[in-house]
Amino acid sequence: MKIGIAGGIGSGKSYVCKLLAKRGINVYDCDDAAKRLMRTDEQLKEQLTKLIGPQTYVDGRLNKAAVATFLLSSEANAHAIDAIVHPAVFRDFEESGLVWMESAIMFESGADRYVDNVVIVTAPEEVRIERIMKRDGISREKAQEWMQRQWPQEKVRQLAQYEIINDGRQDLDSQIADLLQKLSNTRNTHQLL
């Protein structure tokens with residue numbers, strides 16, 4: 001059974017993944033994989049260069065500024081990059097042998113098609129804003145702008161099968177233990193069918 005971990009910016013999903021790692025569960029990080037593949041995958045590099053232009057890579061290194069300029073200039077450009085990068089990431093996930101995947105845009109990207117169950121990590125909006133401001137040293141307005149670029153937490157919650165509440169008050173370890181028990185029971189039920 002493959003499990004996806006979703007959650008918007010500031011929800012603390014990466015922290016939950018660190019707690020899973022302490023339990024011996026390695027989680028595939030889609031963001032890290034995308035960055036790595038854009039630097040190393042020759043087919044991906046060729047496709048990006050064809051899309052964006054020769055300035056995409058300078059001396060064999062990814063020109064992040066050129067990619068960002070292209071990406072932010074229109075929604076169509078962002079979708080065109082996603083259409084190249086996302087399939088490469090999903091292919092890499094399947095080849096990784098890992099069963100847990102972390103993605104901030106699990107449903108928007110189609111990553112949910114590669115997992116059997118999705119766990120959403122949630123936190124109240126104000127908590128998320130404070131975390132983003134503190135972590136990235138940005139204004140409240142910028143933090144809210146970043147949050148608005150992603151699907152609303154409530155929409156993702158309705159699509160996910162499980163939820164971990166990371167509001168700073170509820171115990172994460174007990175929620176993770178409960179989640180792992182539920183997933184184990186689900187796995188055992190499927191084996192009986």
# chains A, B, ... in the order shown; residues from 1 in each chain; ligands from 1

$ select_by_dssp --residues "chain A" --states "alpha helix (DSSP H)" --output "ChimeraX atom specification"
/A:13-22,30-40,42-52,64-73,75-96,125-136,140-148,153-159,172-192

$ residues_around --residues "Asn63 of chain A" --least-positions-apart "5" --cutoff "12 Å" --atoms "only C-alpha atoms" --output "PyMOL selection string"
chain A and resi 35+38-39+45+48-49+52-58+68-70

$ write_last_selection --atoms "all heavy atoms" --output "short mmCIF file (atom, residue, chain, number, x, y, z; two decimals), in the first residue's frame"
data_model
loop_
_atom_site.label_atom_id
_atom_site.label_comp_id
_atom_site.auth_asym_id
_atom_site.auth_seq_id
_atom_site.Cartn_x
_atom_site.Cartn_y
_atom_site.Cartn_z
N LYS A 35 13.64 19.20 -7.82
CA LYS A 35 14.88 20.00 -7.90
C LYS A 35 16.05 19.14 -8.37
O LYS A 35 16.84 19.56 -9.23
CB LYS A 35 15.19 20.63 -6.54
CG LYS A 35 14.19 21.70 -6.14
CD LYS A 35 14.41 22.15 -4.70
CE LYS A 35 13.27 23.03 -4.24
NZ LYS A 35 13.26 23.24 -2.80
N MET A 38 15.62 18.14 -12.11
CA MET A 38 15.84 19.27 -13.01
C MET A 38 17.34 19.54 -13.19
O MET A 38 17.75 20.09 -14.20
CB MET A 38 15.13 20.52 -12.50
CG MET A 38 13.62 20.43 -12.66
SD MET A 38 12.73 21.79 -11.87
CE MET A 38 13.04 23.11 -13.03
N ARG A 39 18.14 19.10 -12.22
CA ARG A 39 19.60 19.25 -12.32
C ARG A 39 20.26 18.07 -13.01
O ARG A 39 21.31 18.23 -13.62
CB ARG A 39 20.22 19.40 -10.92
CG ARG A 39 19.97 20.70 -10.22
CD ARG A 39 20.83 20.84 -8.96
NE ARG A 39 21.00 19.62 -8.19
CZ ARG A 39 20.23 19.25 -7.16
NH1 ARG A 39 19.24 20.02 -6.77
NH2 ARG A 39 20.47 18.13 -6.52
N LYS A 45 16.04 17.77 -18.69
CA LYS A 45 16.80 18.98 -19.03
C LYS A 45 16.57 19.37 -20.49
O LYS A 45 16.37 20.55 -20.80
CB LYS A 45 18.30 18.75 -18.77
CG LYS A 45 18.65 18.69 -17.30
CD LYS A 45 20.04 18.15 -17.04
CE LYS A 45 21.13 19.10 -17.41
NZ LYS A 45 22.46 18.61 -16.95
N LEU A 48 12.98 20.81 -20.84
CA LEU A 48 12.89 22.16 -20.26
C LEU A 48 13.58 23.19 -21.16
O LEU A 48 13.06 24.29 -21.35
CB LEU A 48 13.49 22.18 -18.85
CG LEU A 48 12.66 21.50 -17.77
CD1 LEU A 48 13.45 21.41 -16.46
CD2 LEU A 48 11.34 22.23 -17.54
N THR A 49 14.72 22.82 -21.70
CA THR A 49 15.45 23.73 -22.59
C THR A 49 14.63 24.02 -23.85
O THR A 49 14.57 25.16 -24.31
CB THR A 49 16.82 23.14 -22.96
OG1 THR A 49 17.56 22.94 -21.74
CG2 THR A 49 17.60 24.07 -23.87
N ILE A 52 11.69 26.41 -22.52
CA ILE A 52 12.05 27.73 -21.99
C ILE A 52 13.06 28.46 -22.87
O ILE A 52 12.99 29.67 -23.03
CB ILE A 52 12.57 27.61 -20.54
CG1 ILE A 52 11.48 26.98 -19.64
CG2 ILE A 52 13.01 28.95 -19.99
CD1 ILE A 52 11.96 26.54 -18.28
N GLY A 53 14.00 27.70 -23.42
CA GLY A 53 15.02 28.31 -24.27
C GLY A 53 16.42 27.95 -23.79
O GLY A 53 16.60 27.33 -22.74
N PRO A 54 17.44 28.37 -24.56
CA PRO A 54 18.82 28.00 -24.25
C PRO A 54 19.33 28.57 -22.92
O PRO A 54 20.31 28.07 -22.37
CB PRO A 54 19.62 28.57 -25.43
CG PRO A 54 18.75 29.59 -26.05
CD PRO A 54 17.33 29.18 -25.77
N GLN A 55 18.67 29.59 -22.40
CA GLN A 55 19.08 30.19 -21.12
C GLN A 55 18.69 29.33 -19.92
O GLN A 55 19.06 29.65 -18.79
CB GLN A 55 18.49 31.61 -20.98
CG GLN A 55 16.99 31.66 -20.73
CD GLN A 55 16.12 31.53 -21.99
OE1 GLN A 55 16.58 31.09 -23.04
NE2 GLN A 55 14.85 31.89 -21.87
N THR A 56 17.98 28.22 -20.13
CA THR A 56 17.53 27.36 -19.03
C THR A 56 18.71 26.79 -18.24
O THR A 56 18.65 26.68 -17.02
CB THR A 56 16.64 26.21 -19.56
OG1 THR A 56 15.63 26.77 -20.39
CG2 THR A 56 16.00 25.43 -18.44
N TYR A 57 19.75 26.40 -18.96
CA TYR A 57 20.95 25.87 -18.32
C TYR A 57 22.15 26.69 -18.80
O TYR A 57 22.31 26.88 -20.00
CB TYR A 57 21.14 24.38 -18.64
CG TYR A 57 20.08 23.51 -18.00
CD1 TYR A 57 18.87 23.27 -18.65
CD2 TYR A 57 20.27 22.98 -16.73
CE1 TYR A 57 17.87 22.51 -18.05
CE2 TYR A 57 19.27 22.22 -16.12
CZ TYR A 57 18.08 21.98 -16.79
OH TYR A 57 17.10 21.24 -16.19
N VAL A 58 22.94 27.16 -17.85
CA VAL A 58 24.16 27.91 -18.18
C VAL A 58 25.34 27.10 -17.68
O VAL A 58 25.42 26.77 -16.50
CB VAL A 58 24.14 29.31 -17.53
CG1 VAL A 58 25.43 30.06 -17.81
CG2 VAL A 58 22.93 30.11 -18.01
N ALA A 68 12.29 30.65 -13.17
CA ALA A 68 11.30 31.38 -12.37
C ALA A 68 10.61 32.47 -13.19
O ALA A 68 9.39 32.63 -13.12
CB ALA A 68 11.97 32.00 -11.14
N THR A 69 11.39 33.20 -13.99
CA THR A 69 10.81 34.25 -14.84
C THR A 69 9.79 33.66 -15.81
O THR A 69 8.69 34.18 -15.96
CB THR A 69 11.93 34.99 -15.63
OG1 THR A 69 12.82 35.58 -14.67
CG2 THR A 69 11.36 36.06 -16.53
N PHE A 70 10.15 32.55 -16.44
CA PHE A 70 9.26 31.88 -17.38
C PHE A 70 8.01 31.38 -16.65
O PHE A 70 6.88 31.60 -17.09
CB PHE A 70 9.99 30.72 -18.05
CG PHE A 70 9.15 29.95 -19.04
CD1 PHE A 70 9.03 30.38 -20.35
CD2 PHE A 70 8.48 28.79 -18.67
CE1 PHE A 70 8.25 29.68 -21.26
CE2 PHE A 70 7.70 28.09 -19.56
CZ PHE A 70 7.59 28.53 -20.86
#

$ closest_atom_pairs --of "segment 91-136 of chain A" --to "segment 158-181 of chain A" --cutoff "9 Å" --atoms "only C-alpha atoms" --output "Markdown table"
| residue | atom | partner | partner_atom | distance |
| --- | --- | --- | --- | --- |
| A:Phe107 | CA | A:Leu159 | CA | 8.2 |
| A:Asn117 | CA | A:Gln161 | CA | 6.0 |
| A:Val118 | CA | A:Ala160 | CA | 4.9 |
| A:Val119 | CA | A:Tyr162 | CA | 4.5 |
| A:Ile120 | CA | A:Glu163 | CA | 4.8 |
| A:Val121 | CA | A:Ile164 | CA | 4.8 |
| A:Thr122 | CA | A:Ile165 | CA | 5.0 |
| A:Ala123 | CA | A:Asp167 | CA | 4.8 |
| A:Pro124 | CA | A:Asp167 | CA | 6.4 |
| A:Val127 | CA | A:Asp167 | CA | 6.9 |
| A:Arg128 | CA | A:Asp167 | CA | 8.7 |

$ write_last_selection --atoms "all heavy atoms" --output "CSV table (one decimal), in the first residue's frame"
chain,number,residue,atom,x,y,z
A,107,PHE,N,-3.1,16.6,-4.9
A,107,PHE,CA,-4.2,16.4,-5.8
A,107,PHE,C,-4.1,17.3,-7.0
A,107,PHE,O,-4.4,16.9,-8.1
A,107,PHE,CB,-5.5,16.7,-5.1
A,107,PHE,CG,-5.8,15.7,-4.0
A,107,PHE,CD1,-5.5,16.0,-2.7
A,107,PHE,CD2,-6.3,14.4,-4.3
A,107,PHE,CE1,-5.8,15.0,-1.7
A,107,PHE,CE2,-6.6,13.5,-3.3
A,107,PHE,CZ,-6.3,13.8,-2.0
A,117,ASN,N,-3.7,5.8,-0.4
A,117,ASN,CA,-4.4,6.6,0.6
A,117,ASN,C,-3.6,7.9,0.8
A,117,ASN,O,-2.4,7.9,0.6
A,117,ASN,CB,-4.4,5.9,2.0
A,117,ASN,CG,-5.3,4.7,2.0
A,117,ASN,OD1,-6.5,4.9,2.1
A,117,ASN,ND2,-4.8,3.5,2.0
A,118,VAL,N,-4.3,9.0,1.1
A,118,VAL,CA,-3.7,10.3,1.4
A,118,VAL,C,-4.0,10.7,2.8
A,118,VAL,O,-5.1,10.7,3.3
A,118,VAL,CB,-4.2,11.3,0.4
A,118,VAL,CG1,-3.6,12.7,0.7
A,118,VAL,CG2,-3.9,10.9,-1.1
A,119,VAL,N,-2.9,11.2,3.4
A,119,VAL,CA,-3.0,11.7,4.8
A,119,VAL,C,-2.7,13.2,4.6
A,119,VAL,O,-1.7,13.6,4.0
A,119,VAL,CB,-1.9,11.1,5.7
A,119,VAL,CG1,-1.9,11.8,7.1
A,119,VAL,CG2,-1.9,9.6,5.7
A,120,ILE,N,-3.6,14.0,5.1
A,120,ILE,CA,-3.4,15.5,5.1
A,120,ILE,C,-3.0,16.0,6.5
A,120,ILE,O,-3.5,15.5,7.5
A,120,ILE,CB,-4.7,16.3,4.6
A,120,ILE,CG1,-4.3,17.8,4.6
A,120,ILE,CG2,-5.9,16.0,5.5
A,120,ILE,CD1,-5.4,18.7,4.0
A,121,VAL,N,-1.9,16.8,6.5
A,121,VAL,CA,-1.5,17.4,7.7
A,121,VAL,C,-2.1,18.8,7.7
A,121,VAL,O,-2.0,19.6,6.8
A,121,VAL,CB,0.0,17.5,7.8
A,121,VAL,CG1,0.5,18.2,9.1
A,121,VAL,CG2,0.7,16.1,7.7
A,122,THR,N,-2.9,19.1,8.8
A,122,THR,CA,-3.6,20.4,8.8
A,122,THR,C,-3.2,21.2,10.0
A,122,THR,O,-2.7,20.7,11.0
A,122,THR,CB,-5.1,20.2,8.9
A,122,THR,OG1,-5.5,19.5,10.1
A,122,THR,CG2,-5.7,19.4,7.7
A,123,ALA,N,-3.4,22.5,9.9
A,123,ALA,CA,-3.2,23.5,11.0
A,123,ALA,C,-4.1,24.7,10.7
A,123,ALA,O,-4.4,25.0,9.6
A,123,ALA,CB,-1.7,23.9,11.0
A,124,PRO,N,-4.5,25.3,11.8
A,124,PRO,CA,-5.3,26.5,11.6
A,124,PRO,C,-4.6,27.6,10.8
A,124,PRO,O,-3.4,27.7,10.8
A,124,PRO,CB,-5.5,27.1,13.1
A,124,PRO,CG,-5.3,25.9,13.9
A,124,PRO,CD,-4.3,25.0,13.2
A,127,VAL,N,-2.0,29.8,12.5
A,127,VAL,CA,-0.8,29.1,12.9
A,127,VAL,C,0.1,28.9,11.6
A,127,VAL,O,1.3,29.1,11.7
A,127,VAL,CB,-1.1,27.7,13.5
A,127,VAL,CG1,0.1,26.8,13.6
A,127,VAL,CG2,-1.9,27.8,14.8
A,128,ARG,N,-0.5,28.6,10.5
A,128,ARG,CA,0.3,28.4,9.3
A,128,ARG,C,0.9,29.7,8.8
A,128,ARG,O,2.1,29.8,8.5
A,128,ARG,CB,-0.7,27.9,8.1
A,128,ARG,CG,-1.2,26.5,8.4
A,128,ARG,CD,-2.2,26.1,7.4
A,128,ARG,NE,-1.6,26.1,6.0
A,128,ARG,CZ,-2.3,26.1,4.9
A,128,ARG,NH1,-3.7,26.1,4.9
A,128,ARG,NH2,-1.7,26.0,3.7

$ select_by_dssp --residues "segment 1-97 of chain A" --states "strand (DSSP E)" --output "MDAnalysis selection string"
chainID A and resid 3:6 27:29 57:58 61:62

$ write_last_selection --atoms "N, CA, C and O atoms" --output "PDB file, in the first residue's frame"
ATOM      1  N   ILE A   3       1.288   5.410   0.408  1.00  0.00           N
ATOM      2  CA  ILE A   3       0.660   6.459   1.204  1.00  0.00           C
ATOM      3  C   ILE A   3       1.207   7.819   0.782  1.00  0.00           C
ATOM      4  O   ILE A   3       2.422   8.006   0.685  1.00  0.00           O
ATOM      5  N   GLY A   4       0.305   8.772   0.589  1.00  0.00           N
ATOM      6  CA  GLY A   4       0.699  10.137   0.280  1.00  0.00           C
ATOM      7  C   GLY A   4       0.496  11.031   1.494  1.00  0.00           C
ATOM      8  O   GLY A   4      -0.469  10.873   2.228  1.00  0.00           O
ATOM      9  N   ILE A   5       1.446  11.935   1.692  1.00  0.00           N
ATOM     10  CA  ILE A   5       1.329  12.939   2.761  1.00  0.00           C
ATOM     11  C   ILE A   5       1.135  14.282   2.076  1.00  0.00           C
ATOM     12  O   ILE A   5       2.008  14.741   1.341  1.00  0.00           O
ATOM     13  N   ALA A   6      -0.004  14.914   2.313  1.00  0.00           N
ATOM     14  CA  ALA A   6      -0.312  16.209   1.718  1.00  0.00           C
ATOM     15  C   ALA A   6      -0.431  17.242   2.833  1.00  0.00           C
ATOM     16  O   ALA A   6      -0.507  16.902   4.004  1.00  0.00           O
ATOM     17  N   VAL A  27      10.265   8.808   3.578  1.00  0.00           N
ATOM     18  CA  VAL A  27       9.231   9.444   2.774  1.00  0.00           C
ATOM     19  C   VAL A  27       9.876  10.121   1.565  1.00  0.00           C
ATOM     20  O   VAL A  27      10.826  10.890   1.710  1.00  0.00           O
ATOM     21  N   TYR A  28       9.369   9.824   0.389  1.00  0.00           N
ATOM     22  CA  TYR A  28       9.830  10.434  -0.860  1.00  0.00           C
ATOM     23  C   TYR A  28       9.333  11.872  -0.904  1.00  0.00           C
ATOM     24  O   TYR A  28       8.137  12.127  -0.822  1.00  0.00           O
ATOM     25  N   ASP A  29      10.243  12.823  -1.032  1.00  0.00           N
ATOM     26  CA  ASP A  29       9.911  14.248  -1.049  1.00  0.00           C
ATOM     27  C   ASP A  29       9.832  14.724  -2.500  1.00  0.00           C
ATOM     28  O   ASP A  29      10.849  14.839  -3.180  1.00  0.00           O
ATOM     29  N   TYR A  57      19.745  26.402 -18.956  1.00  0.00           N
ATOM     30  CA  TYR A  57      20.949  25.870 -18.316  1.00  0.00           C
ATOM     31  C   TYR A  57      22.146  26.685 -18.801  1.00  0.00           C
ATOM     32  O   TYR A  57      22.315  26.884 -20.002  1.00  0.00           O
ATOM     33  N   VAL A  58      22.942  27.160 -17.854  1.00  0.00           N
ATOM     34  CA  VAL A  58      24.155  27.907 -18.181  1.00  0.00           C
ATOM     35  C   VAL A  58      25.339  27.096 -17.681  1.00  0.00           C
ATOM     36  O   VAL A  58      25.419  26.770 -16.496  1.00  0.00           O
ATOM     37  N   ARG A  61      24.432  24.087 -15.697  1.00  0.00           N
ATOM     38  CA  ARG A  61      23.749  24.280 -14.405  1.00  0.00           C
ATOM     39  C   ARG A  61      22.404  24.958 -14.629  1.00  0.00           C
ATOM     40  O   ARG A  61      22.280  25.858 -15.454  1.00  0.00           O
ATOM     41  N   LEU A  62      21.408  24.527 -13.858  1.00  0.00           N
ATOM     42  CA  LEU A  62      20.071  25.091 -13.958  1.00  0.00           C
ATOM     43  C   LEU A  62      20.104  26.574 -13.628  1.00  0.00           C
ATOM     44  O   LEU A  62      20.622  26.984 -12.590  1.00  0.00           O
TER      45      LEU A  62
END

$ atom_distance --atom1 "atom CA of Ser73 of chain A" --atom2 "atom CA of Val156 of chain A"
26.7 Å

$ residues_around --residues "Gly8 of chain A" --least-positions-apart "3" --cutoff "7 Å" --atoms "only C-alpha atoms" --output "VMD selection string"
chain A and resid 11 104 150 153
